[in-house]
Amino acid sequence: MKIIILGPQGSGKGTQAKLLAEKFGLKHISTGELLRAEAESGSEKGKIISEILKTGQLMPFETVVSVLESALASTGSGFILDGTPRDLKQAEYLDWFLKEKNLSIDKVILLDIPKEESLKRLAKRAEIEHRTDDTPEAISERLEIYENSTLPIIESYRSQGKLLVIDGTPDIQTIFLDIVNKL
């Protein structure tokens with residue numbers, strides 16, 4: 001099974017991706033975690049990634065591809081992709097890359113939450129995790145990017161019949177059971 005999980009920041013993508021990976025034996029590929037790990041590595045590329053993460057801007061396509069390709073190359077029986085694609089260019093590249101390996105996305109899960117809920121959750125996460133990319137400015141920038149760049153992807157997957165829309169506002173277990181039932 002090859003799944004993408006989408007939703008605004010704070011919708012619970014990472015939490016649900018981890019639960020689904022465990023339930024179905026999938027590799028959880030979090031682009032954000034891969035990029036943050038590179039940023040913390042101290043490498044030259046990591047320093048550049050770190051600066052971009054602080055602003056909340058969309059990571060350059062080539063940077064995302066460089067961390068994503070190696071992770072996708074070792075997926076075995078399946079994966080759940082969390083944090084990518086963020087725009088149509090990334091979605092088109094992902095489709096091409098997978099097609100080259102005779103693979104395709106089976107389902108795209110959209111965790112749907114209102115903007116106010118996203119802001120509330122991200123403020124709480126910033127207090128708990130102290131992530132450098134959870135400043136009010138970066139959060140606002142990322143939510144704007146989501147609305148402008150990611151929503152068109154959702155419509156594309158909907159037209160392909162791959163989209164599962166999930167209410168992301170209940171508790172973690174309720175959301176998880178809803179996803180499992182709809183898969």
# chains A, B, ... in the order shown; residues from 1 in each chain; ligands from 1

call {"tool": "residues_around", "arguments": {"residues": "stretch 16-21 of chain A", "least_positions_apart": "4", "cutoff": "10 Å", "atoms": "only C-alpha atoms", "output": "JSON list (two decimals) with C-alpha atoms, in the first residue's frame"}}
result
[["chain", "number", "residue", "atom", "x", "y", "z"],
["A", 3, "ILE", "CA", -0.34, 6.31, 0.82],
["A", 4, "ILE", "CA", 0.10, 10.07, 1.00],
["A", 5, "ILE", "CA", -1.23, 11.92, 4.03],
["A", 6, "LEU", "CA", -2.05, 15.62, 3.54],
["A", 11, "SER", "CA", -3.72, 18.47, 11.49],
["A", 12, "GLY", "CA", -2.03, 15.39, 12.95],
["A", 25, "GLY", "CA", 3.61, -2.49, 8.16],
["A", 26, "LEU", "CA", 4.44, 0.54, 6.03],
["A", 27, "LYS", "CA", 7.55, 2.70, 6.05],
["A", 28, "HIS", "CA", 6.71, 6.16, 7.42],
["A", 29, "ILE", "CA", 8.52, 8.78, 5.35],
["A", 30, "SER", "CA", 8.28, 12.24, 6.90],
["A", 78, "GLY", "CA", 4.76, 0.10, 0.96],
["A", 79, "PHE", "CA", 4.97, 3.53, 2.52],
["A", 80, "ILE", "CA", 3.05, 6.42, 3.93],
["A", 81, "LEU", "CA", 4.39, 9.75, 2.74],
["A", 82, "ASP", "CA", 3.95, 12.61, 5.19],
["A", 109, "ILE", "CA", -5.69, 10.88, 3.05],
["A", 111, "LEU", "CA", -6.94, 15.37, 7.44],
["A", 168, "GLY", "CA", -9.23, 15.78, 11.68],
["A", 172, "ILE", "CA", -6.40, 10.72, 17.79],
["A", 173, "GLN", "CA", -8.00, 7.28, 18.15],
["A", 175, "ILE", "CA", -9.46, 9.78, 13.57],
["A", 176, "PHE", "CA", -7.32, 6.65, 13.27],
["A", 177, "LEU", "CA", -10.34, 4.32, 13.30],
["A", 179, "ILE", "CA", -9.06, 6.25, 8.40],
["A", 180, "VAL", "CA", -8.72, 2.47, 8.87]]

call {"tool": "residues_around", "arguments": {"residues": "stretch 137-149 of chain A", "least_positions_apart": "3", "cutoff": "7 Å", "atoms": "only C-alpha atoms", "output": "PDB file with C-alpha atoms, in the first residue's frame"}}
result
ATOM      1  CA  PRO A   8      -2.694  21.753   7.054  1.00  0.00           C
ATOM      2  CA  GLN A   9       0.062  22.084   9.607  1.00  0.00           C
ATOM      3  CA  LYS A  54      12.944  29.094  10.260  1.00  0.00           C
ATOM      4  CA  THR A  55      11.116  31.256   7.697  1.00  0.00           C
ATOM      5  CA  GLY A  56       8.317  28.764   7.038  1.00  0.00           C
ATOM      6  CA  GLN A  57       8.814  29.133   3.284  1.00  0.00           C
ATOM      7  CA  ARG A  86       3.333  20.393  -1.160  1.00  0.00           C
ATOM      8  CA  ASP A  87       2.609  21.732  -4.643  1.00  0.00           C
ATOM      9  CA  ASP A 133       9.808  26.278  12.507  1.00  0.00           C
ATOM     10  CA  ASP A 134       6.823  26.864  14.824  1.00  0.00           C
ATOM     11  CA  PRO A 152      -4.779  22.277  -5.879  1.00  0.00           C
TER      12      PRO A 152
END

call {"tool": "closest_residue", "arguments": {"among": "A:Val67, A:Ile154, A:Ile52, A:Leu58", "to": "A:Thr31", "atoms": "only C-alpha atoms"}}
result
A:Val67

call {"tool": "closest_residue", "arguments": {"among": "A:Ser66, A:Ile48, A:Ser43, A:Leu110", "to": "A:Asp178", "atoms": "only C-alpha atoms"}}
result
A:Leu110

call {"tool": "residues_around", "arguments": {"residues": "stretch 95-98 of chain A", "least_positions_apart": "2", "cutoff": "12 Å", "atoms": "only C-alpha atoms", "output": "PyMOL selection string"}}
result
chain A and resi 2+4+65+68-70+72-73+75+78-79+84-85+88-93+100-106+153+156-157

call {"tool": "atom_distance", "arguments": {"atom1": "atom CA of A:Lys115", "atom2": "atom CA of A:Lys162"}}
result
23.8 Å

call {"tool": "residues_around", "arguments": {"residues": "stretch 122-125 of chain A", "least_positions_apart": "2", "cutoff": "9 Å", "atoms": "only C-alpha atoms", "output": "VMD selection string"}}
result
chain A and resid 9 to 11 117 to 120 127 to 131 134 to 136 139

call {"tool": "write_last_selection", "arguments": {"atoms": "N, CA and C atoms", "output": "short mmCIF file (atom, residue, chain, number, x, y, z; two decimals), in the first residue's frame"}}
result
data_model
loop_
_atom_site.label_atom_id
_atom_site.label_comp_id
_atom_site.auth_asym_id
_atom_site.auth_seq_id
_atom_site.Cartn_x
_atom_site.Cartn_y
_atom_site.Cartn_z
N GLN A 9 -0.84 22.27 8.48
CA GLN A 9 0.06 22.08 9.61
C GLN A 9 -0.78 21.97 10.88
N GLY A 10 -0.40 21.02 11.73
CA GLY A 10 -1.12 20.82 12.98
C GLY A 10 -2.32 19.90 12.86
N SER A 11 -2.54 19.33 11.69
CA SER A 11 -3.72 18.47 11.49
C SER A 11 -3.52 17.06 12.04
N GLU A 117 -8.24 25.78 14.30
CA GLU A 117 -7.78 24.59 15.02
C GLU A 117 -6.31 24.35 14.73
N SER A 118 -5.91 24.56 13.50
CA SER A 118 -4.50 24.40 13.12
C SER A 118 -3.63 25.37 13.92
N LEU A 119 -4.03 26.62 14.00
CA LEU A 119 -3.27 27.62 14.75
C LEU A 119 -3.18 27.25 16.22
N LYS A 120 -4.27 26.79 16.79
CA LYS A 120 -4.29 26.41 18.21
C LYS A 120 -3.34 25.24 18.47
N GLU A 127 5.01 25.20 22.17
CA GLU A 127 5.31 25.20 23.61
C GLU A 127 5.97 23.90 24.05
N ILE A 128 5.48 22.79 23.54
CA ILE A 128 5.94 21.47 23.97
C ILE A 128 7.27 21.08 23.32
N GLU A 129 7.34 21.19 21.99
CA GLU A 129 8.49 20.67 21.24
C GLU A 129 9.58 21.69 20.97
N HIS A 130 9.28 22.98 21.11
CA HIS A 130 10.25 24.06 20.86
C HIS A 130 10.90 23.96 19.48
N ARG A 131 10.08 23.65 18.47
CA ARG A 131 10.61 23.56 17.10
C ARG A 131 10.87 24.96 16.56
N ASP A 134 8.16 26.61 14.29
CA ASP A 134 6.82 26.86 14.82
C ASP A 134 6.69 28.26 15.43
N THR A 135 7.36 29.24 14.85
CA THR A 135 7.16 30.62 15.27
C THR A 135 5.84 31.12 14.65
N PRO A 136 5.20 32.13 15.25
CA PRO A 136 3.95 32.63 14.66
C PRO A 136 4.10 33.04 13.19
N ILE A 139 4.49 29.84 11.04
CA ILE A 139 3.20 29.14 11.00
C ILE A 139 2.28 29.81 10.00
#

call {"tool": "select_by_dssp", "arguments": {"residues": "stretch 55-178 of chain A", "states": "alpha helix (DSSP H)", "output": "VMD selection string"}}
result
chain A and resid 55 61 to 73 88 to 100 115 to 129 136 to 145 151 to 159 172 to 178
